[in-house]
$ cat work00.cif   # mmCIF, N, CA, C and O atoms and all ligand atoms
data_entry
loop_
_atom_site.label_atom_id
_atom_site.label_comp_id
_atom_site.auth_asym_id
_atom_site.auth_seq_id
_atom_site.Cartn_x
_atom_site.Cartn_y
_atom_site.Cartn_z
N MET E 802 -44.33 -33.34 44.62
CA MET E 802 -45.36 -33.54 45.66
C MET E 802 -44.73 -33.55 47.05
O MET E 802 -45.15 -32.85 47.96
N LYS E 803 -43.66 -34.33 47.16
CA LYS E 803 -42.94 -34.38 48.45
C LYS E 803 -42.48 -32.98 48.84
O LYS E 803 -42.63 -32.55 49.97
N MET E 804 -41.91 -32.29 47.85
CA MET E 804 -41.39 -30.94 48.04
C MET E 804 -42.50 -30.02 48.56
O MET E 804 -42.30 -29.26 49.51
N LYS E 805 -43.65 -30.09 47.93
CA LYS E 805 -44.78 -29.25 48.31
C LYS E 805 -45.15 -29.47 49.79
O LYS E 805 -45.34 -28.54 50.55
N MET E 806 -45.23 -30.73 50.17
CA MET E 806 -45.59 -31.09 51.54
C MET E 806 -44.64 -30.44 52.55
O MET E 806 -45.07 -29.86 53.53
N SER E 807 -43.34 -30.55 52.27
CA SER E 807 -42.41 -30.03 53.26
C SER E 807 -42.48 -28.51 53.34
O SER E 807 -42.33 -27.93 54.41
N LEU E 808 -42.74 -27.88 52.22
CA LEU E 808 -42.89 -26.42 52.25
C LEU E 808 -44.08 -26.02 53.11
O LEU E 808 -44.01 -25.07 53.89
N VAL E 809 -45.16 -26.79 52.96
CA VAL E 809 -46.35 -26.50 53.75
C VAL E 809 -46.05 -26.68 55.23
O VAL E 809 -46.42 -25.84 56.06
N SER E 810 -45.32 -27.75 55.60
CA SER E 810 -45.06 -27.94 57.03
C SER E 810 -44.15 -26.85 57.58
O SER E 810 -44.31 -26.42 58.72
N ILE E 811 -43.19 -26.39 56.75
CA ILE E 811 -42.33 -25.31 57.23
C ILE E 811 -43.17 -24.05 57.46
O ILE E 811 -43.04 -23.38 58.48
N ALA E 812 -44.05 -23.78 56.51
CA ALA E 812 -44.91 -22.60 56.63
C ALA E 812 -45.75 -22.68 57.91
O ALA E 812 -45.94 -21.69 58.62
N CYS E 813 -46.23 -23.88 58.23
CA CYS E 813 -47.03 -24.06 59.44
C CYS E 813 -46.20 -23.80 60.69
O CYS E 813 -46.64 -23.15 61.63
N LEU E 814 -44.99 -24.30 60.69
CA LEU E 814 -44.11 -24.11 61.84
C LEU E 814 -43.85 -22.63 62.08
O LEU E 814 -43.87 -22.14 63.20
N LEU E 815 -43.62 -21.91 60.99
CA LEU E 815 -43.33 -20.48 61.11
C LEU E 815 -44.55 -19.70 61.59
O LEU E 815 -44.42 -18.74 62.33
N ALA E 816 -45.73 -20.14 61.14
CA ALA E 816 -46.95 -19.40 61.47
C ALA E 816 -47.44 -19.71 62.88
O ALA E 816 -48.15 -18.91 63.48
N ALA E 817 -47.03 -20.86 63.44
CA ALA E 817 -47.57 -21.30 64.72
C ALA E 817 -47.46 -20.27 65.86
O ALA E 817 -48.45 -19.99 66.51
N PRO E 818 -46.27 -19.69 66.08
CA PRO E 818 -46.18 -18.75 67.22
C PRO E 818 -47.14 -17.59 67.08
O PRO E 818 -47.70 -17.13 68.06
N LEU E 819 -47.34 -17.10 65.85
CA LEU E 819 -48.25 -15.99 65.64
C LEU E 819 -49.69 -16.41 65.90
O LEU E 819 -50.44 -15.72 66.55
N ALA E 820 -50.05 -17.58 65.39
CA ALA E 820 -51.41 -18.07 65.56
C ALA E 820 -51.75 -18.21 67.04
O ALA E 820 -52.87 -17.96 67.45
N PHE E 821 -50.77 -18.59 67.84
CA PHE E 821 -51.02 -18.75 69.27
C PHE E 821 -50.78 -17.45 70.04
O PHE E 821 -50.83 -17.43 71.26
N GLY E 822 -50.50 -16.38 69.32
CA GLY E 822 -50.32 -15.09 69.97
C GLY E 822 -49.10 -15.06 70.86
O GLY E 822 -49.19 -14.86 72.06
N ASP E 823 -47.96 -15.33 70.29
CA ASP E 823 -46.73 -15.37 71.05
C ASP E 823 -46.54 -14.09 71.87
O ASP E 823 -46.38 -13.01 71.33
N ALA E 824 -46.57 -14.23 73.18
CA ALA E 824 -46.59 -13.08 74.08
C ALA E 824 -45.34 -12.21 73.93
O ALA E 824 -45.44 -10.99 73.91
N ALA E 825 -44.19 -12.85 73.80
CA ALA E 825 -42.95 -12.08 73.70
C ALA E 825 -42.95 -11.22 72.45
O ALA E 825 -42.50 -10.08 72.48
N GLU E 826 -43.50 -11.78 71.36
CA GLU E 826 -43.52 -11.04 70.11
C GLU E 826 -44.51 -9.88 70.18
O GLU E 826 -44.21 -8.77 69.73
N VAL E 827 -45.68 -10.13 70.73
CA VAL E 827 -46.69 -9.08 70.88
C VAL E 827 -46.11 -7.95 71.74
O VAL E 827 -46.24 -6.77 71.41
N TYR E 828 -45.43 -8.32 72.81
CA TYR E 828 -44.85 -7.33 73.71
C TYR E 828 -43.77 -6.51 73.01
O TYR E 828 -43.77 -5.29 73.08
N ALA E 829 -42.88 -7.22 72.32
CA ALA E 829 -41.78 -6.53 71.64
C ALA E 829 -42.31 -5.54 70.62
O ALA E 829 -41.79 -4.43 70.48
N LYS E 830 -43.37 -5.92 69.94
CA LYS E 830 -43.91 -5.10 68.87
C LYS E 830 -44.72 -3.91 69.39
O LYS E 830 -44.64 -2.82 68.86
N ASN E 831 -45.51 -4.12 70.46
CA ASN E 831 -46.46 -3.10 70.89
C ASN E 831 -46.10 -2.37 72.18
O ASN E 831 -46.58 -1.27 72.41
N CYS E 832 -45.31 -2.98 73.02
CA CYS E 832 -45.19 -2.49 74.39
C CYS E 832 -43.77 -2.06 74.77
O CYS E 832 -43.60 -1.19 75.62
N ALA E 833 -42.77 -2.71 74.17
CA ALA E 833 -41.39 -2.50 74.62
C ALA E 833 -40.91 -1.07 74.40
O ALA E 833 -40.02 -0.61 75.11
N SER E 834 -41.52 -0.34 73.45
CA SER E 834 -41.08 1.03 73.20
C SER E 834 -41.25 1.88 74.46
O SER E 834 -40.46 2.79 74.71
N CYS E 835 -42.25 1.60 75.26
CA CYS E 835 -42.46 2.35 76.51
C CYS E 835 -42.00 1.54 77.73
O CYS E 835 -41.32 2.06 78.60
N HIS E 836 -42.42 0.29 77.80
CA HIS E 836 -42.14 -0.50 79.02
C HIS E 836 -40.76 -1.15 79.00
O HIS E 836 -40.37 -1.76 80.00
N ALA E 837 -40.05 -1.05 77.89
CA ALA E 837 -38.70 -1.62 77.72
C ALA E 837 -38.74 -3.14 77.65
O ALA E 837 -39.63 -3.77 78.21
N LYS E 838 -37.77 -3.70 76.97
CA LYS E 838 -37.70 -5.15 76.79
C LYS E 838 -37.67 -5.87 78.13
O LYS E 838 -38.18 -6.97 78.26
N ASP E 839 -37.03 -5.25 79.13
CA ASP E 839 -36.89 -5.90 80.44
C ASP E 839 -37.95 -5.45 81.44
O ASP E 839 -37.86 -5.78 82.62
N GLY E 840 -38.95 -4.66 80.99
CA GLY E 840 -40.05 -4.26 81.87
C GLY E 840 -39.74 -3.09 82.79
O GLY E 840 -40.60 -2.68 83.58
N THR E 841 -38.55 -2.54 82.71
CA THR E 841 -38.17 -1.44 83.61
C THR E 841 -38.77 -0.10 83.19
O THR E 841 -38.83 0.82 84.00
N GLY E 842 -39.16 0.02 81.94
CA GLY E 842 -39.66 1.30 81.44
C GLY E 842 -38.53 2.25 81.11
O GLY E 842 -38.73 3.44 80.92
N ASN E 843 -37.33 1.70 81.05
CA ASN E 843 -36.15 2.52 80.82
C ASN E 843 -35.91 2.76 79.32
O ASN E 843 -34.94 2.28 78.75
N THR E 844 -36.83 3.52 78.71
CA THR E 844 -36.68 3.93 77.31
C THR E 844 -37.02 5.41 77.24
O THR E 844 -37.58 5.96 78.20
N VAL E 845 -36.73 6.04 76.11
CA VAL E 845 -37.03 7.46 75.96
C VAL E 845 -38.54 7.68 76.15
O VAL E 845 -38.97 8.53 76.94
N MET E 846 -39.33 6.86 75.44
CA MET E 846 -40.80 6.95 75.54
C MET E 846 -41.28 6.61 76.94
O MET E 846 -42.23 7.21 77.45
N GLY E 847 -40.65 5.62 77.53
CA GLY E 847 -41.05 5.18 78.88
C GLY E 847 -40.86 6.29 79.89
O GLY E 847 -41.73 6.55 80.73
N LYS E 848 -39.71 6.98 79.79
CA LYS E 848 -39.45 8.07 80.74
C LYS E 848 -40.40 9.22 80.50
O LYS E 848 -40.90 9.83 81.44
N LYS E 849 -40.65 9.50 79.22
CA LYS E 849 -41.55 10.59 78.86
C LYS E 849 -42.96 10.34 79.40
O LYS E 849 -43.61 11.24 79.91
N SER E 850 -43.43 9.11 79.26
CA SER E 850 -44.81 8.83 79.69
C SER E 850 -44.87 8.32 81.13
O SER E 850 -45.93 7.97 81.61
N LYS E 851 -43.72 8.32 81.81
CA LYS E 851 -43.65 7.98 83.23
C LYS E 851 -44.19 6.58 83.55
O LYS E 851 -45.02 6.41 84.45
N VAL E 852 -43.73 5.58 82.83
CA VAL E 852 -44.14 4.22 83.14
C VAL E 852 -43.39 3.75 84.40
O VAL E 852 -42.32 4.24 84.71
N LYS E 853 -44.00 2.83 85.07
CA LYS E 853 -43.39 2.32 86.29
C LYS E 853 -42.48 1.14 85.97
O LYS E 853 -42.55 0.56 84.88
N ASP E 854 -41.66 0.78 86.94
CA ASP E 854 -40.71 -0.31 86.79
C ASP E 854 -41.37 -1.63 87.20
O ASP E 854 -41.60 -1.88 88.38
N TYR E 855 -41.66 -2.47 86.21
CA TYR E 855 -42.38 -3.71 86.51
C TYR E 855 -41.49 -4.84 87.03
O TYR E 855 -41.96 -5.94 87.25
N THR E 856 -40.20 -4.54 87.23
CA THR E 856 -39.37 -5.53 87.93
C THR E 856 -39.49 -5.33 89.44
O THR E 856 -39.06 -6.16 90.21
N ASP E 857 -40.07 -4.17 89.84
CA ASP E 857 -40.23 -3.82 91.25
C ASP E 857 -41.48 -4.52 91.84
O ASP E 857 -42.59 -4.31 91.37
N ALA E 858 -41.26 -5.33 92.86
CA ALA E 858 -42.36 -6.09 93.47
C ALA E 858 -43.46 -5.17 93.99
O ALA E 858 -44.64 -5.51 93.94
N LYS E 859 -43.08 -3.98 94.48
CA LYS E 859 -44.07 -3.03 95.01
C LYS E 859 -44.97 -2.52 93.90
O LYS E 859 -46.17 -2.33 94.08
N VAL E 860 -44.38 -2.26 92.74
CA VAL E 860 -45.17 -1.82 91.58
C VAL E 860 -46.11 -2.95 91.15
O VAL E 860 -47.30 -2.72 90.90
N GLN E 861 -45.59 -4.16 91.11
CA GLN E 861 -46.42 -5.32 90.72
C GLN E 861 -47.61 -5.48 91.67
O GLN E 861 -48.70 -5.85 91.25
N ALA E 862 -47.37 -5.18 92.96
CA ALA E 862 -48.44 -5.34 93.96
C ALA E 862 -49.46 -4.21 93.88
O ALA E 862 -50.53 -4.30 94.48
N SER E 863 -49.11 -3.13 93.13
CA SER E 863 -49.98 -1.96 93.11
C SER E 863 -51.16 -2.09 92.15
O SER E 863 -52.04 -1.24 92.11
N PHE E 864 -51.18 -3.14 91.34
CA PHE E 864 -52.34 -3.36 90.47
C PHE E 864 -52.69 -4.84 90.41
O PHE E 864 -51.83 -5.69 90.55
N THR E 865 -53.97 -5.11 90.22
CA THR E 865 -54.44 -6.49 90.12
C THR E 865 -54.34 -6.94 88.66
O THR E 865 -54.17 -6.12 87.76
N ASP E 866 -54.48 -8.25 88.44
CA ASP E 866 -54.50 -8.77 87.07
C ASP E 866 -55.63 -8.13 86.28
O ASP E 866 -55.48 -7.81 85.11
N ALA E 867 -56.78 -7.94 86.95
CA ALA E 867 -57.94 -7.37 86.27
C ALA E 867 -57.66 -5.93 85.83
O ALA E 867 -58.04 -5.51 84.73
N GLU E 868 -56.98 -5.17 86.71
CA GLU E 868 -56.64 -3.79 86.37
C GLU E 868 -55.64 -3.74 85.22
O GLU E 868 -55.73 -2.88 84.34
N ALA E 869 -54.68 -4.67 85.26
CA ALA E 869 -53.68 -4.73 84.18
C ALA E 869 -54.36 -5.04 82.86
O ALA E 869 -54.10 -4.38 81.84
N LEU E 870 -55.27 -6.00 82.89
CA LEU E 870 -55.99 -6.38 81.66
C LEU E 870 -56.79 -5.21 81.12
O LEU E 870 -56.79 -4.94 79.92
N LYS E 871 -57.44 -4.49 82.03
CA LYS E 871 -58.25 -3.33 81.63
C LYS E 871 -57.35 -2.25 81.00
O LYS E 871 -57.71 -1.67 79.98
N ALA E 872 -56.19 -2.02 81.61
CA ALA E 872 -55.26 -1.02 81.08
C ALA E 872 -54.80 -1.41 79.68
O ALA E 872 -54.74 -0.57 78.79
N ILE E 873 -54.53 -2.69 79.49
CA ILE E 873 -54.05 -3.16 78.19
C ILE E 873 -55.16 -3.03 77.14
O ILE E 873 -54.92 -2.58 76.03
N LEU E 874 -56.37 -3.37 77.51
CA LEU E 874 -57.46 -3.33 76.53
C LEU E 874 -57.98 -1.92 76.30
O LEU E 874 -58.26 -1.53 75.17
N GLU E 875 -58.10 -1.14 77.39
CA GLU E 875 -58.76 0.16 77.28
C GLU E 875 -57.82 1.36 77.41
O GLU E 875 -58.20 2.48 77.13
N GLY E 876 -56.59 1.09 77.88
CA GLY E 876 -55.62 2.16 78.01
C GLY E 876 -55.58 2.75 79.41
O GLY E 876 -56.49 2.55 80.22
N LYS E 877 -54.48 3.44 79.71
CA LYS E 877 -54.30 4.11 80.99
C LYS E 877 -53.29 5.24 80.81
O LYS E 877 -52.25 5.03 80.20
N ASP E 878 -53.60 6.42 81.34
CA ASP E 878 -52.74 7.59 81.16
C ASP E 878 -52.33 7.76 79.70
O ASP E 878 -53.17 7.79 78.83
N LYS E 879 -51.02 7.77 79.45
CA LYS E 879 -50.50 7.98 78.10
C LYS E 879 -50.58 6.74 77.23
O LYS E 879 -50.26 6.77 76.05
N MET E 880 -50.98 5.63 77.84
CA MET E 880 -51.03 4.38 77.08
C MET E 880 -52.42 4.21 76.46
O MET E 880 -53.41 4.30 77.16
N LYS E 881 -52.44 3.99 75.17
CA LYS E 881 -53.74 3.80 74.54
C LYS E 881 -54.13 2.33 74.62
O LYS E 881 -53.28 1.46 74.79
N GLY E 882 -55.43 2.07 74.51
CA GLY E 882 -55.90 0.69 74.60
C GLY E 882 -55.54 -0.13 73.38
O GLY E 882 -55.37 0.41 72.29
N TYR E 883 -55.43 -1.43 73.60
CA TYR E 883 -55.01 -2.31 72.52
C TYR E 883 -56.13 -3.23 72.04
O TYR E 883 -55.87 -4.19 71.33
N LYS E 884 -57.36 -2.94 72.45
CA LYS E 884 -58.41 -3.90 72.13
C LYS E 884 -58.70 -4.05 70.63
O LYS E 884 -59.23 -5.07 70.21
N ASP E 885 -58.31 -3.06 69.83
CA ASP E 885 -58.48 -3.19 68.38
C ASP E 885 -57.28 -3.85 67.72
O ASP E 885 -57.31 -4.17 66.54
N LYS E 886 -56.19 -4.00 68.49
CA LYS E 886 -54.94 -4.49 67.90
C LYS E 886 -54.63 -5.93 68.28
O LYS E 886 -54.04 -6.66 67.50
N ILE E 887 -54.98 -6.31 69.50
CA ILE E 887 -54.68 -7.67 69.94
C ILE E 887 -55.96 -8.33 70.45
O ILE E 887 -56.91 -7.64 70.82
N THR E 888 -55.96 -9.65 70.48
CA THR E 888 -57.17 -10.37 70.92
C THR E 888 -57.22 -10.40 72.45
O THR E 888 -56.23 -10.08 73.12
N ALA E 889 -58.36 -10.78 72.99
CA ALA E 889 -58.51 -10.89 74.44
C ALA E 889 -57.53 -11.91 75.01
O ALA E 889 -56.97 -11.70 76.08
N GLU E 890 -57.30 -13.00 74.25
CA GLU E 890 -56.35 -14.02 74.71
C GLU E 890 -54.94 -13.45 74.76
O GLU E 890 -54.19 -13.69 75.70
N GLU E 891 -54.59 -12.68 73.73
CA GLU E 891 -53.26 -12.07 73.70
C GLU E 891 -53.10 -11.08 74.85
O GLU E 891 -52.03 -11.00 75.45
N ALA E 892 -54.15 -10.33 75.15
CA ALA E 892 -54.09 -9.37 76.24
C ALA E 892 -53.89 -10.10 77.57
O ALA E 892 -53.07 -9.67 78.40
N ALA E 893 -54.59 -11.21 77.75
CA ALA E 893 -54.44 -11.99 78.98
C ALA E 893 -53.02 -12.54 79.09
O ALA E 893 -52.43 -12.57 80.17
N ALA E 894 -52.46 -12.95 77.94
CA ALA E 894 -51.09 -13.45 77.93
C ALA E 894 -50.11 -12.33 78.29
O ALA E 894 -49.08 -12.58 78.92
N GLN E 895 -50.45 -11.09 77.91
CA GLN E 895 -49.58 -9.95 78.25
C GLN E 895 -49.56 -9.71 79.76
O GLN E 895 -48.53 -9.31 80.30
N VAL E 896 -50.69 -9.93 80.41
CA VAL E 896 -50.72 -9.76 81.87
C VAL E 896 -49.70 -10.71 82.50
O VAL E 896 -48.89 -10.31 83.34
N LYS E 897 -49.72 -11.97 82.07
CA LYS E 897 -48.77 -12.96 82.59
C LYS E 897 -47.34 -12.55 82.26
O LYS E 897 -46.43 -12.71 83.07
N PHE E 898 -47.18 -12.04 81.04
CA PHE E 898 -45.84 -11.64 80.58
C PHE E 898 -45.30 -10.51 81.45
O PHE E 898 -44.15 -10.53 81.87
N ILE E 899 -46.17 -9.53 81.75
CA ILE E 899 -45.78 -8.39 82.61
C ILE E 899 -45.45 -8.90 84.02
O ILE E 899 -44.47 -8.45 84.63
N ARG E 900 -46.24 -9.82 84.52
CA ARG E 900 -45.99 -10.39 85.86
C ARG E 900 -44.63 -11.05 85.95
O ARG E 900 -44.00 -11.05 87.00
N ALA E 901 -44.19 -11.64 84.85
CA ALA E 901 -42.93 -12.38 84.86
C ALA E 901 -41.70 -11.47 84.97
O ALA E 901 -40.59 -11.96 85.20
N PHE E 902 -41.90 -10.14 84.85
CA PHE E 902 -40.77 -9.22 84.99
C PHE E 902 -40.36 -9.07 86.46
O PHE E 902 -39.25 -8.64 86.75
N LYS E 903 -41.26 -9.39 87.37
CA LYS E 903 -41.01 -9.19 88.81
C LYS E 903 -39.77 -9.95 89.23
O LYS E 903 -39.61 -11.12 88.93
N LYS E 904 -38.90 -9.26 89.98
CA LYS E 904 -37.65 -9.90 90.39
C LYS E 904 -37.80 -10.51 91.77
O LYS E 904 -38.55 -10.00 92.58
C1 LIG F 1001 -46.97 5.00 74.83
C2 LIG F 1001 -46.29 4.22 75.87
C3 LIG F 1001 -46.90 2.88 76.27
C4 LIG F 1001 -47.08 1.76 75.47
C5 LIG F 1001 -46.71 1.59 74.00
C6 LIG F 1001 -47.64 0.75 76.35
N1 LIG F 1001 -47.80 1.25 77.61
FE1 LIG F 1001 -48.49 0.20 79.23
N2 LIG F 1001 -48.47 1.93 80.33
C7 LIG F 1001 -48.00 3.14 79.91
C8 LIG F 1001 -48.23 4.13 80.95
C9 LIG F 1001 -47.84 5.62 80.87
C10 LIG F 1001 -48.87 3.45 82.02
C11 LIG F 1001 -49.33 4.05 83.35
C12 LIG F 1001 -48.21 4.14 84.33
C13 LIG F 1001 -47.80 2.80 84.81
O1 LIG F 1001 -48.65 2.11 85.43
O2 LIG F 1001 -46.64 2.38 84.56
C14 LIG F 1001 -48.99 2.06 81.60
C15 LIG F 1001 -49.53 1.06 82.39
C16 LIG F 1001 -49.54 -0.29 82.06
C17 LIG F 1001 -49.92 -1.34 82.96
C18 LIG F 1001 -50.31 -1.19 84.43
C19 LIG F 1001 -51.76 -0.97 84.64
C20 LIG F 1001 -52.07 -0.56 86.07
O3 LIG F 1001 -53.21 -0.79 86.45
O4 LIG F 1001 -51.23 0.02 86.76
C21 LIG F 1001 -49.78 -2.52 82.28
C22 LIG F 1001 -50.04 -3.92 82.80
C23 LIG F 1001 -49.31 -2.18 80.95
N3 LIG F 1001 -49.16 -0.81 80.86
C24 LIG F 1001 -49.07 -3.08 79.96
C25 LIG F 1001 -48.77 -2.74 78.64
C26 LIG F 1001 -48.76 -3.69 77.54
C27 LIG F 1001 -48.97 -5.19 77.69
C28 LIG F 1001 -48.51 -2.97 76.40
C29 LIG F 1001 -48.48 -3.48 74.98
C30 LIG F 1001 -49.64 -4.23 74.51
C31 LIG F 1001 -48.32 -1.58 76.80
N4 LIG F 1001 -48.50 -1.49 78.16
C32 LIG F 1001 -47.98 -0.54 75.95
C33 LIG F 1001 -47.40 3.41 78.69
C34 LIG F 1001 -47.37 2.54 77.60
#
$ encode --input "work00.cif" --output "structure tokens"
Amino acid sequence: MKMKMSLVSIACLLAAPLAFGDAAEVYAKNCASCHAKDGTGNTVMGKKSKVKDYTDAKVQASFTDAEALKAILEGKDKMKGYKDKITAEEAAAQVKFIRAFKK
């Protein structure tokens, strides 16, 4: 019985980041192939699809949070929308995550 309890709590701990939509994980899985882990867009796919460098303050100033959210949900240029893949909360967390790349 004791054993069972601890297994359940470990399982809960492991599941927690996913349940809360861990932004870093969502980004790494869905976005980093184009936007790069560091937000620069310095990947093969990123260069091909001409993503901008999100560490650049000027690039960050070129779109609003609302525009970023719309791009994430509905897509923009070569980027397809993610509204069927991630929740609205996760998409909003991605906007914050993208903002944090600014140097
Ligand atoms: C297939 C490559 C690709 C993937 C994967 C991708 N993007 Fe993009 N993304 C682009 C391109 C191309 C643009 C348009 C050019 C730009 O603004 O950098 C863009 C634009 C954006 C913008 C700026 C919107 C604006 O109004 O300028 C945000 C924010 C963004 N992507 C976030 C994300 C997030 C978050 C994910 C993952 C959920 C993601 N992207 C996945 C290619 C991609």
$ closest_residue --input "work00.cif" --among "E:Val845, E:Cys835, E:Ala893, E:Ala824" --to "ligand LIG 1001 (chain F)" --atoms "only N, CA, C and O atoms and all ligand atoms"
E:Cys835
$ residues_near_ligand --input "work00.cif" --ligand "ligand LIG 1001 (chain F)" --cutoff "7 Å" --atoms "all atoms listed in the file" --output "compact mmCIF listing (two decimals) with N, CA, C and O atoms, in the frame of the given file"
# COMPACT_ATOMS: atom_id res chain seq x y z
N VAL E 827 -45.68 -10.13 70.73
CA VAL E 827 -46.69 -9.08 70.88
C VAL E 827 -46.11 -7.95 71.74
O VAL E 827 -46.24 -6.77 71.41
N TYR E 828 -45.43 -8.32 72.81
CA TYR E 828 -44.85 -7.33 73.71
C TYR E 828 -43.77 -6.51 73.01
O TYR E 828 -43.77 -5.29 73.08
N LYS E 830 -43.37 -5.92 69.94
CA LYS E 830 -43.91 -5.10 68.87
C LYS E 830 -44.72 -3.91 69.39
O LYS E 830 -44.64 -2.82 68.86
N ASN E 831 -45.51 -4.12 70.46
CA ASN E 831 -46.46 -3.10 70.89
C ASN E 831 -46.10 -2.37 72.18
O ASN E 831 -46.58 -1.27 72.41
N CYS E 832 -45.31 -2.98 73.02
CA CYS E 832 -45.19 -2.49 74.39
C CYS E 832 -43.77 -2.06 74.77
O CYS E 832 -43.60 -1.19 75.62
N ALA E 833 -42.77 -2.71 74.17
CA ALA E 833 -41.39 -2.50 74.62
C ALA E 833 -40.91 -1.07 74.40
O ALA E 833 -40.02 -0.61 75.11
N SER E 834 -41.52 -0.34 73.45
CA SER E 834 -41.08 1.03 73.20
C SER E 834 -41.25 1.88 74.46
O SER E 834 -40.46 2.79 74.71
N CYS E 835 -42.25 1.60 75.26
CA CYS E 835 -42.46 2.35 76.51
C CYS E 835 -42.00 1.54 77.73
O CYS E 835 -41.32 2.06 78.60
N HIS E 836 -42.42 0.29 77.80
CA HIS E 836 -42.14 -0.50 79.02
C HIS E 836 -40.76 -1.15 79.00
O HIS E 836 -40.37 -1.76 80.00
N MET E 846 -39.33 6.86 75.44
CA MET E 846 -40.80 6.95 75.54
C MET E 846 -41.28 6.61 76.94
O MET E 846 -42.23 7.21 77.45
N GLY E 847 -40.65 5.62 77.53
CA GLY E 847 -41.05 5.18 78.88
C GLY E 847 -40.86 6.29 79.89
O GLY E 847 -41.73 6.55 80.73
N LYS E 849 -40.65 9.50 79.22
CA LYS E 849 -41.55 10.59 78.86
C LYS E 849 -42.96 10.34 79.40
O LYS E 849 -43.61 11.24 79.91
N SER E 850 -43.43 9.11 79.26
CA SER E 850 -44.81 8.83 79.69
C SER E 850 -44.87 8.32 81.13
O SER E 850 -45.93 7.97 81.61
N LYS E 851 -43.72 8.32 81.81
CA LYS E 851 -43.65 7.98 83.23
C LYS E 851 -44.19 6.58 83.55
O LYS E 851 -45.02 6.41 84.45
N VAL E 852 -43.73 5.58 82.83
CA VAL E 852 -44.14 4.22 83.14
C VAL E 852 -43.39 3.75 84.40
O VAL E 852 -42.32 4.24 84.71
N LYS E 853 -44.00 2.83 85.07
CA LYS E 853 -43.39 2.32 86.29
C LYS E 853 -42.48 1.14 85.97
O LYS E 853 -42.55 0.56 84.88
N ASP E 854 -41.66 0.78 86.94
CA ASP E 854 -40.71 -0.31 86.79
C ASP E 854 -41.37 -1.63 87.20
O ASP E 854 -41.60 -1.88 88.38
N VAL E 860 -44.38 -2.26 92.74
CA VAL E 860 -45.17 -1.82 91.58
C VAL E 860 -46.11 -2.95 91.15
O VAL E 860 -47.30 -2.72 90.90
N SER E 863 -49.11 -3.13 93.13
CA SER E 863 -49.98 -1.96 93.11
C SER E 863 -51.16 -2.09 92.15
O SER E 863 -52.04 -1.24 92.11
N PHE E 864 -51.18 -3.14 91.34
CA PHE E 864 -52.34 -3.36 90.47
C PHE E 864 -52.69 -4.84 90.41
O PHE E 864 -51.83 -5.69 90.55
N THR E 865 -53.97 -5.11 90.22
CA THR E 865 -54.44 -6.49 90.12
C THR E 865 -54.34 -6.94 88.66
O THR E 865 -54.17 -6.12 87.76
N ALA E 867 -56.78 -7.94 86.95
CA ALA E 867 -57.94 -7.37 86.27
C ALA E 867 -57.66 -5.93 85.83
O ALA E 867 -58.04 -5.51 84.73
N GLU E 868 -56.98 -5.17 86.71
CA GLU E 868 -56.64 -3.79 86.37
C GLU E 868 -55.64 -3.74 85.22
O GLU E 868 -55.73 -2.88 84.34
N ALA E 869 -54.68 -4.67 85.26
CA ALA E 869 -53.68 -4.73 84.18
C ALA E 869 -54.36 -5.04 82.86
O ALA E 869 -54.10 -4.38 81.84
N LEU E 870 -55.27 -6.00 82.89
CA LEU E 870 -55.99 -6.38 81.66
C LEU E 870 -56.79 -5.21 81.12
O LEU E 870 -56.79 -4.94 79.92
N LYS E 871 -57.44 -4.49 82.03
CA LYS E 871 -58.25 -3.33 81.63
C LYS E 871 -57.35 -2.25 81.00
O LYS E 871 -57.71 -1.67 79.98
N ALA E 872 -56.19 -2.02 81.61
CA ALA E 872 -55.26 -1.02 81.08
C ALA E 872 -54.80 -1.41 79.68
O ALA E 872 -54.74 -0.57 78.79
N ILE E 873 -54.53 -2.69 79.49
CA ILE E 873 -54.05 -3.16 78.19
C ILE E 873 -55.16 -3.03 77.14
O ILE E 873 -54.92 -2.58 76.03
N GLY E 876 -56.59 1.09 77.88
CA GLY E 876 -55.62 2.16 78.01
C GLY E 876 -55.58 2.75 79.41
O GLY E 876 -56.49 2.55 80.22
N LYS E 877 -54.48 3.44 79.71
CA LYS E 877 -54.30 4.11 80.99
C LYS E 877 -53.29 5.24 80.81
O LYS E 877 -52.25 5.03 80.20
N ASP E 878 -53.60 6.42 81.34
CA ASP E 878 -52.74 7.59 81.16
C ASP E 878 -52.33 7.76 79.70
O ASP E 878 -53.17 7.79 78.83
N LYS E 879 -51.02 7.77 79.45
CA LYS E 879 -50.50 7.98 78.10
C LYS E 879 -50.58 6.74 77.23
O LYS E 879 -50.26 6.77 76.05
N MET E 880 -50.98 5.63 77.84
CA MET E 880 -51.03 4.38 77.08
C MET E 880 -52.42 4.21 76.46
O MET E 880 -53.41 4.30 77.16
N LYS E 881 -52.44 3.99 75.17
CA LYS E 881 -53.74 3.80 74.54
C LYS E 881 -54.13 2.33 74.62
O LYS E 881 -53.28 1.46 74.79
N TYR E 883 -55.43 -1.43 73.60
CA TYR E 883 -55.01 -2.31 72.52
C TYR E 883 -56.13 -3.23 72.04
O TYR E 883 -55.87 -4.19 71.33
N GLU E 891 -54.59 -12.68 73.73
CA GLU E 891 -53.26 -12.07 73.70
C GLU E 891 -53.10 -11.08 74.85
O GLU E 891 -52.03 -11.00 75.45
N ALA E 892 -54.15 -10.33 75.15
CA ALA E 892 -54.09 -9.37 76.24
C ALA E 892 -53.89 -10.10 77.57
O ALA E 892 -53.07 -9.67 78.40
N GLN E 895 -50.45 -11.09 77.91
CA GLN E 895 -49.58 -9.95 78.25
C GLN E 895 -49.56 -9.71 79.76
O GLN E 895 -48.53 -9.31 80.30
N VAL E 896 -50.69 -9.93 80.41
CA VAL E 896 -50.72 -9.76 81.87
C VAL E 896 -49.70 -10.71 82.50
O VAL E 896 -48.89 -10.31 83.34
N ILE E 899 -46.17 -9.53 81.75
CA ILE E 899 -45.78 -8.39 82.61
C ILE E 899 -45.45 -8.90 84.02
O ILE E 899 -44.47 -8.45 84.63
$ atom_distance --input "work00.cif" --atom1 "atom O of E:Lys904" --atom2 "atom C of E:Ala858"
7.0 Å
$ atom_distance --input "work00.cif" --atom1 "atom O of E:Phe902" --atom2 "atom C of E:Tyr855"
4.4 Å
